[in-house]
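As structure tokens, the structure follows; a few thoughts come after it.
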Amino acid sequence: MPSLSADAPTIHPDCEITDTSFGAYTEIGRGSRVAHSDIGDYSYCDRYCDIANARIGKFANIASFTRIGATDHPLDRASLHHFMYRSASYWDDVQDDTDWFDHRRNRLAHIGHDTWIGHNAQIKPEVTIGHGAVVASGAVVTRDVAPYSIVAGLPAKPVRDRFPPAISERLIALGWWDWSHDQLRAALLDFRRLSVEAFLEKHGG
């Protein structure tokens with residue numbers, strides 16, 4: 001695994017990156033496509049992900065072949081086909097439909113801090129994944145996911161909470177994802193070894 005950088009994302013070969021901002025220590029896996037998105041500090045995606053029109057928080061763990069913010073087609077028109085909005089590819093005397101592209105880019109998917117999106121999962125536009133939530137492999141998420149919950153299935157439905165509500169609330173209040181790089185390093189052994197309850201007691205959550 002390459003050493004990650006605070007100054008620039010680590011982008012593996014064969015990626016296609018368009019109009020995207022990256023935080024510190026971010027990584028984009030081989031063959032991924034990322035467009036019109038913001039990727040928060042320490043977040044990464046594995047191989048062959050397709051991410052569009054997304055706001056991704058810090059410490060997001062995105063497995064391979066995941067799709068976030070899948071673009072849509074116009075359901076209320078005479079045709080679904082993209083000749084209507086990618087029109088310049090078909091005729092020399094017409095421009096692409098910028099209004100349609102603006103509409104799609106405004107339908108943002110939001111991924112919270114310290115989330116885990118499983119292999120081959122899909123997150124639809126205008127869906128919010130709460131902090132600490134887990135989306136199971138192969139799930140298709142069409143509705144918001146509560147913080148620190150686990151969802152699975154097609155369409156995705158709640159399976160269980162990761163922690164009791166009081167613990168989840170304390171983790172959100174602690175907001176360790178906003179700690180400095182040095183603070184994270186100082187607490188590294190506690191992250192590794194302590195139970196969540198003991199971690200919260202020690203670090204004031």
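Residue numbers start at 1 in each chain; chains themselves are named A, B, ... in the order of the structure tokens; ligands are numbered from 1 in the order shown.
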Exercise for the section: Determine, counting only C-alpha atoms, which protein, DNA and RNA residues have an atom within 10 Å of an atom of A:Ile62; residues of the same chain fewer than 5 positions away are not included. Present the result as a PyMOL selection string. Expected result: chain A and resi 28-29+43-47+49+67-68+115-121+135
Practice task
Would you mind writing down, as number ranges by chain, each residue of chain A that DSSP on the backbone assigns to alpha helix (DSSP H)?
Solution key: A: 98-105, 165-174, 181-186, 188-193, 196-203
Could you write out the selected residues, including N, CA and C atoms, as a short mmCIF file (atom, residue, chain, number, x, y, z; two decimals), in the first residue's frame?
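Result went into selection.cif, see below:
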```
data_model
loop_
_atom_site.label_atom_id
_atom_site.label_comp_id
_atom_site.auth_asym_id
_atom_site.auth_seq_id
_atom_site.Cartn_x
_atom_site.Cartn_y
_atom_site.Cartn_z
N THR A 98 -27.48 21.87 -21.21
CA THR A 98 -26.81 22.20 -19.95
C THR A 98 -27.77 22.21 -18.77
N ASP A 99 -29.03 22.57 -19.01
CA ASP A 99 -30.01 22.58 -17.92
C ASP A 99 -30.18 21.18 -17.34
N TRP A 100 -30.18 20.17 -18.20
CA TRP A 100 -30.34 18.80 -17.71
C TRP A 100 -29.14 18.36 -16.88
N PHE A 101 -27.94 18.71 -17.36
CA PHE A 101 -26.74 18.35 -16.60
C PHE A 101 -26.70 19.08 -15.26
N ASP A 102 -27.12 20.35 -15.24
CA ASP A 102 -27.18 21.09 -13.98
C ASP A 102 -28.16 20.42 -13.01
N HIS A 103 -29.30 19.99 -13.53
CA HIS A 103 -30.30 19.31 -12.72
C HIS A 103 -29.71 18.05 -12.07
N ARG A 104 -29.00 17.26 -12.84
CA ARG A 104 -28.41 16.03 -12.30
C ARG A 104 -27.35 16.33 -11.26
N ARG A 105 -26.53 17.34 -11.50
CA ARG A 105 -25.44 17.64 -10.58
C ARG A 105 -25.94 18.21 -9.26
N PRO A 165 -28.41 3.80 21.05
CA PRO A 165 -28.50 5.22 20.65
C PRO A 165 -27.63 6.16 21.49
N ALA A 166 -27.55 5.91 22.79
CA ALA A 166 -26.76 6.80 23.65
C ALA A 166 -25.28 6.79 23.25
N ILE A 167 -24.76 5.62 22.88
CA ILE A 167 -23.36 5.53 22.44
C ILE A 167 -23.18 6.25 21.12
N SER A 168 -24.09 6.05 20.18
CA SER A 168 -24.00 6.72 18.88
C SER A 168 -24.01 8.23 19.05
N GLU A 169 -24.88 8.71 19.92
CA GLU A 169 -24.95 10.16 20.16
C GLU A 169 -23.66 10.69 20.76
N ARG A 170 -23.06 9.93 21.65
CA ARG A 170 -21.79 10.36 22.25
C ARG A 170 -20.66 10.37 21.22
N LEU A 171 -20.64 9.40 20.32
CA LEU A 171 -19.62 9.41 19.27
C LEU A 171 -19.77 10.62 18.35
N ILE A 172 -21.00 10.92 17.99
CA ILE A 172 -21.23 12.09 17.12
C ILE A 172 -20.83 13.36 17.86
N ALA A 173 -21.16 13.45 19.13
CA ALA A 173 -20.79 14.63 19.90
C ALA A 173 -19.26 14.75 20.05
N LEU A 174 -18.59 13.61 20.21
CA LEU A 174 -17.12 13.63 20.31
C LEU A 174 -16.49 14.12 19.02
N HIS A 181 -4.22 15.33 12.72
CA HIS A 181 -3.46 14.12 12.41
C HIS A 181 -2.65 13.67 13.63
N ASP A 182 -2.07 14.63 14.37
CA ASP A 182 -1.29 14.29 15.56
C ASP A 182 -2.19 13.74 16.67
N GLN A 183 -3.38 14.29 16.82
CA GLN A 183 -4.30 13.75 17.83
C GLN A 183 -4.70 12.30 17.50
N LEU A 184 -4.94 12.04 16.24
CA LEU A 184 -5.28 10.68 15.83
C LEU A 184 -4.14 9.72 16.14
N ARG A 185 -2.92 10.16 15.85
CA ARG A 185 -1.76 9.31 16.13
C ARG A 185 -1.62 9.04 17.62
N ALA A 186 -1.85 10.06 18.43
CA ALA A 186 -1.71 9.90 19.87
C ALA A 186 -2.75 8.92 20.43
N LEU A 188 -4.07 6.40 18.67
CA LEU A 188 -4.13 5.22 17.81
C LEU A 188 -4.30 3.92 18.59
N LEU A 189 -3.52 3.73 19.65
CA LEU A 189 -3.63 2.49 20.42
C LEU A 189 -4.99 2.38 21.10
N ASP A 190 -5.57 3.50 21.48
CA ASP A 190 -6.91 3.47 22.07
C ASP A 190 -7.96 3.06 21.03
N PHE A 191 -7.82 3.58 19.81
CA PHE A 191 -8.72 3.14 18.74
C PHE A 191 -8.61 1.63 18.53
N ARG A 192 -7.40 1.11 18.61
CA ARG A 192 -7.18 -0.31 18.36
C ARG A 192 -7.67 -1.21 19.49
N ARG A 193 -7.47 -0.77 20.72
CA ARG A 193 -7.57 -1.70 21.85
C ARG A 193 -8.79 -1.50 22.74
N VAL A 196 -15.68 0.65 22.56
CA VAL A 196 -16.20 1.98 22.26
C VAL A 196 -16.57 2.72 23.54
N GLU A 197 -17.11 2.00 24.53
CA GLU A 197 -17.46 2.65 25.79
C GLU A 197 -16.22 3.18 26.50
N ALA A 198 -15.17 2.36 26.56
CA ALA A 198 -13.94 2.78 27.22
C ALA A 198 -13.28 3.94 26.46
N PHE A 199 -13.35 3.89 25.14
CA PHE A 199 -12.80 4.98 24.34
C PHE A 199 -13.50 6.29 24.66
N LEU A 200 -14.83 6.26 24.72
CA LEU A 200 -15.59 7.46 25.02
C LEU A 200 -15.29 7.98 26.42
N GLU A 201 -15.16 7.08 27.38
CA GLU A 201 -14.84 7.50 28.75
C GLU A 201 -13.48 8.17 28.79
N LYS A 202 -12.51 7.62 28.09
CA LYS A 202 -11.15 8.18 28.15
C LYS A 202 -11.05 9.50 27.43
N HIS A 203 -11.76 9.63 26.30
CA HIS A 203 -11.59 10.82 25.46
C HIS A 203 -12.72 11.83 25.59
#
```
Exercise for the section: Identify all residues of stretch 39-174 of chain A in strand (DSSP E or B) (DSSP on the backbone) and supply them as number ranges by chain. Expected result: A: 39, 44-45, 50-52, 54-56, 61-62, 67-68, 109-111, 116-117, 122-123, 128-129, 134-135, 140-141, 145, 149-152, 157-161
Problem - Using only C-alpha atoms: which of A:Phe65, A:Phe59, A:Phe22, A:Phe163 has the shortest distance to A:Trp176 - result: A:Phe59
Exercise for the section: Within 9 Å of A:Val34, counting only C-alpha atoms, which residues show up once you throw out same-chain ones fewer than 6 positions away? Write them as a count of residues only, please. Expected result: 12
